[in-house]
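Text of run.pdb (PDB, C-alpha atoms) as supplied:
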MODEL        1
ATOM      1  CA  MET A   1      11.630  24.513 -12.342
ATOM      2  CA  ARG A   2       9.944  27.583 -10.860
ATOM      3  CA  VAL A   3       7.639  26.769  -7.956
ATOM      4  CA  THR A   4       4.837  28.951  -6.593
ATOM      5  CA  LEU A   5       2.799  27.866  -3.596
ATOM      6  CA  ALA A   6      -0.289  29.190  -1.846
ATOM      7  CA  SER A   7      -2.303  27.707   0.997
ATOM      8  CA  LEU A   8      -5.194  29.069   3.041
ATOM      9  CA  PRO A   9      -7.089  27.475   5.938
ATOM     10  CA  ALA A  10     -10.847  27.120   5.704
ATOM     11  CA  GLU A  11     -11.365  29.939   8.194
ATOM     12  CA  PRO A  12      -8.945  32.636   9.412
ATOM     13  CA  GLY A  13      -7.145  31.522  12.548
ATOM     14  CA  GLU A  14      -8.010  27.859  12.096
ATOM     15  CA  GLU A  15      -5.380  25.147  11.733
ATOM     16  CA  ASN A  16      -4.570  24.298   8.131
ATOM     17  CA  GLU A  17      -4.607  20.513   7.635
ATOM     18  CA  ASP A  18      -3.128  20.730   4.110
ATOM     19  CA  PHE A  19       0.619  20.421   3.560
ATOM     20  CA  ALA A  20       2.729  21.100   0.475
ATOM     21  CA  ALA A  21       6.459  21.319  -0.137
ATOM     22  CA  ALA A  22       8.987  21.094  -2.952
ATOM     23  CA  ALA A  23      12.621  20.141  -3.406
ATOM     24  CA  PRO A  24      14.732  20.189  -6.571
ATOM     25  CA  GLY A  25      12.914  17.863  -8.954
ATOM     26  CA  ALA A  26      10.207  16.767  -6.521
ATOM     27  CA  ALA A  27       7.044  17.989  -4.835
ATOM     28  CA  VAL A  28       4.320  16.687  -2.521
ATOM     29  CA  LEU A  29       0.866  17.852  -1.471
ATOM     30  CA  LEU A  30      -1.278  16.293   1.238
ATOM     31  CA  ASP A  31      -4.786  17.095   2.456
ATOM     32  CA  GLY A  32      -5.312  15.843   5.994
ATOM     33  CA  ALA A  33      -8.700  14.339   6.751
ATOM     34  CA  GLY A  34     -10.342  14.874  10.094
ATOM     35  CA  VAL A  35     -13.476  16.218  11.705
ATOM     36  CA  ALA A  36     -13.262  19.420  13.720
ATOM     37  CA  GLY A  37     -14.072  18.816  17.369
ATOM     38  CA  VAL A  38     -14.259  15.023  16.996
ATOM     39  CA  GLU A  39     -11.926  12.662  18.841
ATOM     40  CA  THR A  40      -9.403  11.079  16.465
ATOM     41  CA  GLY A  41      -7.530   8.812  18.839
ATOM     42  CA  CYS A  42      -4.339  10.752  18.012
ATOM     43  CA  THR A  43      -2.943  13.224  20.532
ATOM     44  CA  HIS A  44      -1.046  15.053  17.768
ATOM     45  CA  GLY A  45      -3.920  15.843  15.399
ATOM     46  CA  VAL A  46      -4.603  15.827  11.677
ATOM     47  CA  ALA A  47      -2.324  18.758  10.767
ATOM     48  CA  TRP A  48       0.605  17.055  12.498
ATOM     49  CA  PHE A  49      -0.102  13.844  10.610
ATOM     50  CA  SER A  50      -0.259  15.416   7.144
ATOM     51  CA  ALA A  51       2.792  17.634   7.745
ATOM     52  CA  THR A  52       4.879  14.814   9.212
ATOM     53  CA  LEU A  53       3.919  12.362   6.481
ATOM     54  CA  GLY A  54       4.487  14.989   3.777
ATOM     55  CA  GLY A  55       7.863  16.144   5.025
ATOM     56  CA  LEU A  56       9.182  12.613   5.418
ATOM     57  CA  LEU A  57       7.773  11.551   2.049
ATOM     58  CA  LEU A  58       9.535  14.414   0.261
ATOM     59  CA  SER A  59      12.777  13.459   1.990
ATOM     60  CA  THR A  60      12.342   9.799   1.035
ATOM     61  CA  ILE A  61      11.541  10.320  -2.643
ATOM     62  CA  THR A  62      14.522  12.631  -3.102
ATOM     63  CA  ALA A  63      16.931  10.443  -1.135
ATOM     64  CA  HIS A  64      15.951   7.291  -3.054
ATOM     65  CA  PRO A  65      15.425   8.364  -6.684
ATOM     66  CA  ALA A  66      15.285   4.791  -8.023
ATOM     67  CA  ARG A  67      12.686   3.599  -5.520
ATOM     68  CA  PRO A  68       9.079   3.550  -6.824
ATOM     69  CA  LEU A  69       6.906   6.296  -5.355
ATOM     70  CA  ALA A  70       4.387   3.808  -3.949
ATOM     71  CA  ASP A  71       7.175   1.998  -2.095
ATOM     72  CA  CYS A  72       8.427   5.343  -0.767
ATOM     73  CA  LEU A  73       4.946   6.194   0.485
ATOM     74  CA  ALA A  74       4.493   2.790   2.127
ATOM     75  CA  ALA A  75       7.821   3.160   3.927
ATOM     76  CA  THR A  76       6.936   6.688   5.040
ATOM     77  CA  ILE A  77       3.555   5.590   6.397
ATOM     78  CA  THR A  78       5.364   2.915   8.397
ATOM     79  CA  THR A  79       7.801   5.487   9.767
ATOM     80  CA  VAL A  80       5.042   7.904  10.797
ATOM     81  CA  ARG A  81       3.140   5.060  12.433
ATOM     82  CA  SER A  82       6.211   4.228  14.510
ATOM     83  CA  LEU A  83       6.392   7.847  15.699
ATOM     84  CA  HIS A  84       3.039   7.761  17.471
ATOM     85  CA  GLU A  85       1.623   4.256  17.737
ATOM     86  CA  ASP A  86       2.820   4.009  21.350
ATOM     87  CA  SER A  87       1.021   7.204  22.367
ATOM     88  CA  CYS A  88      -2.021   7.195  20.058
ATOM     89  CA  ASP A  89      -4.850   4.776  19.262
ATOM     90  CA  LEU A  90      -4.305   4.094  15.572
ATOM     91  CA  THR A  91      -7.022   1.448  15.518
ATOM     92  CA  TYR A  92      -9.633   4.127  16.180
ATOM     93  CA  ARG A  93     -11.885   4.527  13.145
ATOM     94  CA  ALA A  94     -11.439   8.307  13.041
ATOM     95  CA  SER A  95      -7.640   8.245  13.303
ATOM     96  CA  PRO A  96      -5.962  10.869  11.061
ATOM     97  CA  THR A  97      -5.619  10.185   7.348
ATOM     98  CA  SER A  98      -4.456  12.189   4.353
ATOM     99  CA  THR A  99      -4.613  12.326   0.593
ATOM    100  CA  VAL A 100      -1.237  12.291  -1.155
ATOM    101  CA  VAL A 101       0.021  13.725  -4.438
ATOM    102  CA  ALA A 102       3.730  13.290  -5.208
ATOM    103  CA  VAL A 103       5.857  13.947  -8.286
ATOM    104  CA  ARG A 104       9.500  13.311  -9.007
ATOM    105  CA  ALA A 105      11.478  14.283 -12.089
ATOM    106  CA  GLY A 106      14.053  11.887 -13.462
ATOM    107  CA  ALA A 107      16.392  12.331 -16.393
ATOM    108  CA  LYS A 108      13.665  11.833 -18.991
ATOM    109  CA  ALA A 109      10.346  11.250 -17.217
ATOM    110  CA  LEU A 110       8.162  12.657 -14.484
ATOM    111  CA  GLU A 111       6.830  10.042 -12.072
ATOM    112  CA  TYR A 112       3.594  10.717 -10.234
ATOM    113  CA  LEU A 113       1.460   9.233  -7.465
ATOM    114  CA  VAL A 114      -2.072  10.213  -6.457
ATOM    115  CA  LEU A 115      -3.966   8.725  -3.505
ATOM    116  CA  GLY A 116      -7.275  10.213  -2.373
ATOM    117  CA  ASP A 117      -9.223  13.086  -3.875
ATOM    118  CA  SER A 118      -6.482  15.673  -4.329
ATOM    119  CA  SER A 119      -5.483  16.296  -7.956
ATOM    120  CA  LEU A 120      -2.492  16.464 -10.262
ATOM    121  CA  LEU A 121      -2.692  18.708 -13.329
ATOM    122  CA  LEU A 122      -0.183  18.087 -16.122
ATOM    123  CA  ALA A 123      -0.024  20.668 -18.925
ATOM    124  CA  ASP A 124       2.059  19.883 -21.977
ATOM    125  CA  LYS A 125       3.690  22.234 -24.446
ATOM    126  CA  ALA A 126       0.864  21.707 -26.935
ATOM    127  CA  ASP A 127      -1.647  23.003 -24.353
ATOM    128  CA  ASP A 128      -3.140  19.566 -23.774
ATOM    129  CA  ILE A 129      -4.156  18.772 -20.204
ATOM    130  CA  ILE A 130      -4.015  15.576 -18.199
ATOM    131  CA  VAL A 131      -5.838  15.559 -14.855
ATOM    132  CA  VAL A 132      -5.124  12.715 -12.435
ATOM    133  CA  THR A 133      -7.620  12.458  -9.571
ATOM    134  CA  ASP A 134      -8.537   9.438  -7.489
ATOM    135  CA  ARG A 135     -12.352   9.381  -7.846
ATOM    136  CA  ARG A 136     -13.069   6.358  -5.656
ATOM    137  CA  LEU A 137     -14.180   8.537  -2.736
ATOM    138  CA  ASP A 138     -16.519  10.471  -5.036
ATOM    139  CA  GLU A 139     -17.974   7.239  -6.375
ATOM    140  CA  VAL A 140     -18.806   5.787  -2.972
ATOM    141  CA  GLY A 141     -19.842   9.207  -1.684
ATOM    142  CA  LYS A 142     -22.573   9.534  -4.301
ATOM    143  CA  ARG A 143     -24.278   6.506  -2.777
ATOM    144  CA  LEU A 144     -24.173   7.939   0.723
ATOM    145  CA  ARG A 145     -24.668  11.699   0.606
ATOM    146  CA  GLY A 146     -28.143  12.190  -0.855
ATOM    147  CA  ARG A 147     -29.687  13.422   2.412
ATOM    148  CA  LEU A 148     -26.619  15.535   3.195
ATOM    149  CA  ASP A 149     -26.769  17.471  -0.081
ATOM    150  CA  ALA A 150     -30.447  18.241   0.402
ATOM    151  CA  LEU A 151     -29.806  20.239   3.599
ATOM    152  CA  PRO A 152     -28.415  23.795   4.010
ATOM    153  CA  THR A 153     -24.683  23.760   4.743
ATOM    154  CA  GLY A 154     -24.029  24.728   8.353
ATOM    155  CA  SER A 155     -27.539  23.989   9.622
ATOM    156  CA  PRO A 156     -28.012  21.679  12.652
ATOM    157  CA  GLU A 157     -29.659  19.103  10.409
ATOM    158  CA  HIS A 158     -26.750  19.279   7.988
ATOM    159  CA  ALA A 159     -24.284  18.773  10.852
ATOM    160  CA  VAL A 160     -26.082  15.592  11.921
ATOM    161  CA  ALA A 161     -26.228  14.272   8.349
ATOM    162  CA  LEU A 162     -22.550  15.136   7.835
ATOM    163  CA  ALA A 163     -21.563  13.180  10.948
ATOM    164  CA  GLU A 164     -23.571  10.187   9.729
ATOM    165  CA  TYR A 165     -21.987  10.449   6.278
ATOM    166  CA  ARG A 166     -18.473  10.583   7.688
ATOM    167  CA  GLU A 167     -19.192   7.634   9.945
ATOM    168  CA  ALA A 168     -20.362   5.633   6.947
ATOM    169  CA  LEU A 169     -17.184   6.546   5.038
ATOM    170  CA  THR A 170     -14.917   5.313   7.820
ATOM    171  CA  GLY A 171     -16.572   1.921   7.503
ATOM    172  CA  ILE A 172     -15.402   1.521   3.888
ATOM    173  CA  ARG A 173     -12.058   3.321   4.138
ATOM    174  CA  ASN A 174      -9.065   1.350   2.858
ATOM    175  CA  LEU A 175     -11.196  -1.642   1.961
ATOM    176  CA  PRO A 176     -11.908  -3.250  -1.422
ATOM    177  CA  GLY A 177     -14.988  -1.649  -2.921
ATOM    178  CA  GLY A 178     -14.474   1.470  -0.825
ATOM    179  CA  PHE A 179     -11.791   4.126  -1.133
ATOM    180  CA  TRP A 180      -8.115   4.382  -0.248
ATOM    181  CA  ILE A 181      -6.214   7.043   1.651
ATOM    182  CA  ALA A 182      -2.955   7.318   3.613
ATOM    183  CA  GLY A 183      -3.483   6.379   7.252
ATOM    184  CA  PRO A 184      -1.809   3.962   9.635
ATOM    185  CA  GLU A 185      -1.635   1.031   7.178
ATOM    186  CA  PRO A 186       1.201   1.065   4.591
ATOM    187  CA  GLN A 187      -0.598  -1.214   2.124
ATOM    188  CA  ALA A 188      -2.843   1.706   1.115
ATOM    189  CA  ALA A 189       0.165   3.175  -0.724
ATOM    190  CA  HIS A 190       0.018   0.377  -3.270
ATOM    191  CA  GLU A 191      -3.574   1.331  -4.162
ATOM    192  CA  SER A 192      -2.330   4.720  -5.428
ATOM    193  CA  LEU A 193      -2.717   5.853  -9.019
ATOM    194  CA  THR A 194       0.804   5.973 -10.460
ATOM    195  CA  GLY A 195       2.399   6.649 -13.818
ATOM    196  CA  THR A 196       5.048   8.483 -15.800
ATOM    197  CA  VAL A 197       5.010  11.128 -18.529
ATOM    198  CA  PRO A 198       7.900  12.342 -20.731
ATOM    199  CA  LEU A 199       9.497  15.283 -18.987
ATOM    200  CA  GLU A 200      10.395  17.122 -22.175
ATOM    201  CA  SER A 201       6.710  17.305 -23.190
ATOM    202  CA  LEU A 202       5.579  19.159 -20.060
ATOM    203  CA  ALA A 203       5.088  22.885 -19.617
ATOM    204  CA  SER A 204       3.824  22.803 -16.025
ATOM    205  CA  VAL A 205       2.857  20.488 -13.189
ATOM    206  CA  THR A 206       0.301  21.516 -10.564
ATOM    207  CA  LEU A 207      -0.684  19.801  -7.326
ATOM    208  CA  LEU A 208      -4.042  20.846  -5.812
ATOM    209  CA  SER A 209      -6.077  19.911  -2.751
ATOM    210  CA  ASP A 210      -9.811  19.436  -3.278
ATOM    211  CA  GLY A 211     -10.448  22.743  -1.519
ATOM    212  CA  ALA A 212      -8.709  24.415  -4.468
ATOM    213  CA  THR A 213     -10.206  22.298  -7.266
ATOM    214  CA  ARG A 214     -13.738  23.280  -6.173
ATOM    215  CA  LEU A 215     -13.673  26.131  -8.675
ATOM    216  CA  VAL A 216     -13.554  23.539 -11.472
ATOM    217  CA  ASP A 217     -15.062  20.259 -10.321
ATOM    218  CA  ARG A 218     -17.842  21.522  -8.027
ATOM    219  CA  PHE A 219     -18.565  25.162  -8.875
ATOM    220  CA  GLU A 220     -17.797  24.826 -12.609
ATOM    221  CA  LEU A 221     -16.610  28.439 -12.712
ATOM    222  CA  ALA A 222     -13.349  27.513 -14.444
ATOM    223  CA  THR A 223     -12.016  24.693 -16.577
ATOM    224  CA  TRP A 224      -9.011  22.440 -16.184
ATOM    225  CA  GLN A 225      -7.848  23.722 -19.547
ATOM    226  CA  GLY A 226      -7.801  27.297 -18.280
ATOM    227  CA  LEU A 227      -6.035  26.729 -14.959
ATOM    228  CA  PRO A 228      -2.393  26.619 -16.157
ATOM    229  CA  ALA A 229      -2.682  30.008 -17.874
ATOM    230  CA  LEU A 230      -4.328  31.507 -14.773
ATOM    231  CA  LEU A 231      -1.628  30.101 -12.510
ATOM    232  CA  ASP A 232       1.184  31.244 -14.814
ATOM    233  CA  SER A 233      -0.198  34.775 -15.121
ATOM    234  CA  SER A 234      -1.734  35.468 -11.697
ATOM    235  CA  GLY A 235      -0.379  32.774  -9.408
ATOM    236  CA  PRO A 236      -2.100  30.347  -7.050
ATOM    237  CA  ASP A 237      -3.298  33.123  -4.724
ATOM    238  CA  GLU A 238      -5.704  34.297  -7.421
ATOM    239  CA  LEU A 239      -7.203  30.838  -7.826
ATOM    240  CA  ILE A 240      -7.805  30.577  -4.080
ATOM    241  CA  ARG A 241      -9.320  34.074  -4.073
ATOM    242  CA  ARG A 242     -11.832  32.995  -6.718
ATOM    243  CA  VAL A 243     -12.687  29.868  -4.723
ATOM    244  CA  ARG A 244     -13.342  31.924  -1.593
ATOM    245  CA  GLU A 245     -15.433  34.402  -3.560
ATOM    246  CA  ALA A 246     -17.691  31.611  -4.830
ATOM    247  CA  GLU A 247     -17.968  30.044  -1.376
ATOM    248  CA  THR A 248     -18.934  33.397   0.140
ATOM    249  CA  ASP A 249     -21.645  33.865  -2.485
ATOM    250  CA  ASP A 250     -23.180  30.485  -1.556
ATOM    251  CA  PRO A 251     -22.677  30.109   2.221
ATOM    252  CA  ASP A 252     -25.590  27.689   2.688
ATOM    253  CA  GLY A 253     -24.615  25.350  -0.126
ATOM    254  CA  ARG A 254     -27.898  25.899  -1.967
ATOM    255  CA  ARG A 255     -26.274  26.323  -5.361
ATOM    256  CA  TRP A 256     -23.352  23.965  -4.719
ATOM    257  CA  PRO A 257     -24.122  21.345  -2.022
ATOM    258  CA  ARG A 258     -20.983  20.460  -0.072
ATOM    259  CA  GLY A 259     -19.875  19.136   3.276
ATOM    260  CA  LYS A 260     -17.964  22.278   4.258
ATOM    261  CA  ALA A 261     -18.936  25.828   3.355
ATOM    262  CA  GLN A 262     -15.189  26.531   3.033
ATOM    263  CA  ASP A 263     -12.249  24.150   2.993
ATOM    264  CA  ASP A 264      -8.488  24.358   3.322
ATOM    265  CA  ALA A 265      -7.160  25.188  -0.137
ATOM    266  CA  THR A 266      -3.612  24.546  -1.336
ATOM    267  CA  ILE A 267      -1.905  24.815  -4.734
ATOM    268  CA  LEU A 268       1.686  24.028  -5.675
ATOM    269  CA  HIS A 269       2.425  25.084  -9.243
ATOM    270  CA  CYS A 270       5.662  24.115 -11.013
ATOM    271  CA  ALA A 271       6.471  25.879 -14.270
ATOM    272  CA  LEU A 272       9.074  23.903 -16.188
ATOM    273  CA  HIS A 273      11.677  25.925 -18.076
TER     274      HIS A 273
ENDMDL
END

Go ahead and render the structure in this file as structure tokens.
Amino acid sequence: MRVTLASLPAEPGEENEDFAAAAPGAAVLLDGAGVAGVETGCTHGVAWFSATLGGLLLSTITAHPARPLADCLAATITTVRSLHEDSCDLTYRASPTSTVVAVRAGAKALEYLVLGDSSLLLADKADDIIVVTDRRLDEVGKRLRGRLDALPTGSPEHAVALAEYREALTGIRNLPGGFWIAGPEPQAAHESLTGTVPLESLASVTLLSDGATRLVDRFELATWQGLPALLDSSGPDELIRRVREAETDDPDGRRWPRGKAQDDATILHCALH
């Protein structure tokens, strides 16, 4: 397995709240969720949460190869909670959360887990593509973001609407009928999308945060089918460059309405040989 990784914060000099890492036969990617400048109840911050959860999850899934990925994630959430529940208010509605994508290769199959709106791209040797994305946030978001998408990104009015939208989302987070994401409660892990695919059929496996998938699922300037070839030939840096180019061409979100003009973008691409 040959792994290439690229990650870029939303703005130069800002903290990157994404996290990605790989070990022999395993990889994880997390996209921390927080609001810049808003109190989270956690003294450590969103980047600490996603990096700590991601690092411990990778360790857990490699140390316990027979343990289901959802059980590994639940145990890791419990461990991270124990690290800061005495110093942080984890009951606060804006406490740090994170999406999770994890894969682990066994003797014959690749196991995967997806929680939240990051994506897993599986390309097989026949050039067929499987995309696994948890769309529950998108589904509830469509009901809530009409006013937000009608306003120029970055404007004062947009900032107010974005705060209202995020407040509404916290009210349905990790609840039936809402959406699920890794936070302080381990039961969210068992709401993950999980599955297996035959390892011998795969040509590549790619983990992407939603800041990187924008080129496909929001801007529609590339296709899922075309991403593996781009990543194999030019690497993940080129995909992020194209995302930033599109974002720069539409800074106000007129063509592509979005909450953030630019977002942290991370890609971990595994070519299987």

List as CSV every residue of region 27-88 of chain A that is in contact with region 120-138 of chain A, defined as an atom at most 12 Å from one of its atoms (using only C-alpha atoms), together with the nearest atom pair and the distance in Å rounded to one decimal, sorted by chain and then rising number.
residue,atom,partner,partner_atom,distance
A:Ala27,CA,A:Leu120,CA,11.1
A:Val28,CA,A:Leu120,CA,10.3
A:Leu29,CA,A:Leu120,CA,9.5
A:Leu30,CA,A:Leu120,CA,11.6

Once you have the residues from the selection above, write them out as a PDB file, in the frame of the given file, restricted to C-alpha atoms.
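Below you can see result.pdb, which holds the result:
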ATOM      1  CA  ALA A  27       7.044  17.989  -4.835  1.00  0.00           C
ATOM      2  CA  VAL A  28       4.320  16.687  -2.521  1.00  0.00           C
ATOM      3  CA  LEU A  29       0.866  17.852  -1.471  1.00  0.00           C
ATOM      4  CA  LEU A  30      -1.278  16.293   1.238  1.00  0.00           C
TER       5      LEU A  30
END

Q: Can you turn the PyMOL selection byres ((chain A and resi 170) around 12) into a concrete residue list for this file, as number ranges by chain?
A: A: 33-35, 40, 91-97, 137, 140-141, 144, 163-169, 171-175, 178-181, 183

Q: Quote the spacing between CA of Asp89 (chain A) and CA of His158 (chain A) in Å to one decimal place.
A: 28.6 Å

Q: Please evaluate the PyMOL selection byres ((chain A and resi 261) around 7) against the displayed coordinates and give the resulting residues as a count of residues only.
A: 10

Determine, for each residue of region 133-195 of chain A having at least one atom at most 9 Å from an atom of region 104-112 of chain A, the closest pair of atoms and their separation in Å to one decimal, counting only C-alpha atoms; order by chain and ascending number, as JSON lines.
{"residue": "A:Leu193", "atom": "CA", "partner": "A:Tyr112", "partner_atom": "CA", "distance": 8.1}
{"residue": "A:Thr194", "atom": "CA", "partner": "A:Tyr112", "partner_atom": "CA", "distance": 5.5}
{"residue": "A:Gly195", "atom": "CA", "partner": "A:Tyr112", "partner_atom": "CA", "distance": 5.6}

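With all atoms listed in the file as the basis for measurement, A:Gly41 is the residue among A:Ser155, A:Glu11, A:Gly41, A:Arg67 that approaches Asp86 (chain A) most closely.
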
Q: Rank A:Thr43, A:Val160, A:Val80, A:Met1 by their smallest atom-to-atom distance to Leu56 (chain A), using only C-alpha atoms, and report the top residue only.
A: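 Looking only at the distances to Leu56 (chain A), the closest residue turns out to be A:Val80.
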
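Rounded to one decimal, CA of Ala246 (chain A) and CA of Trp48 (chain A) lie 29.1 Å from each other.
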
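You will find CA of Val216 (chain A) at 14.2 Å from CA of Ala229 (chain A).
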
Q. What lies within 9 Å of region 68-76 of chain A using all atoms listed in the file, ignoring chain neighbours under 6 positions off, as a PyMOL selection string?
A. chain A and resi 53-54+56-57+60-61+100+102-104+111-113+182+185-194

Q: Name the closest residue to Ala203 (chain A) among the candidates A:Leu221, A:Val243, A:Ala271, A:Leu230; distances are taken between atoms, counting all atoms listed in the file.
A: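 Looking only at the distances to Ala203 (chain A), the closest residue turns out to be A:Ala271.
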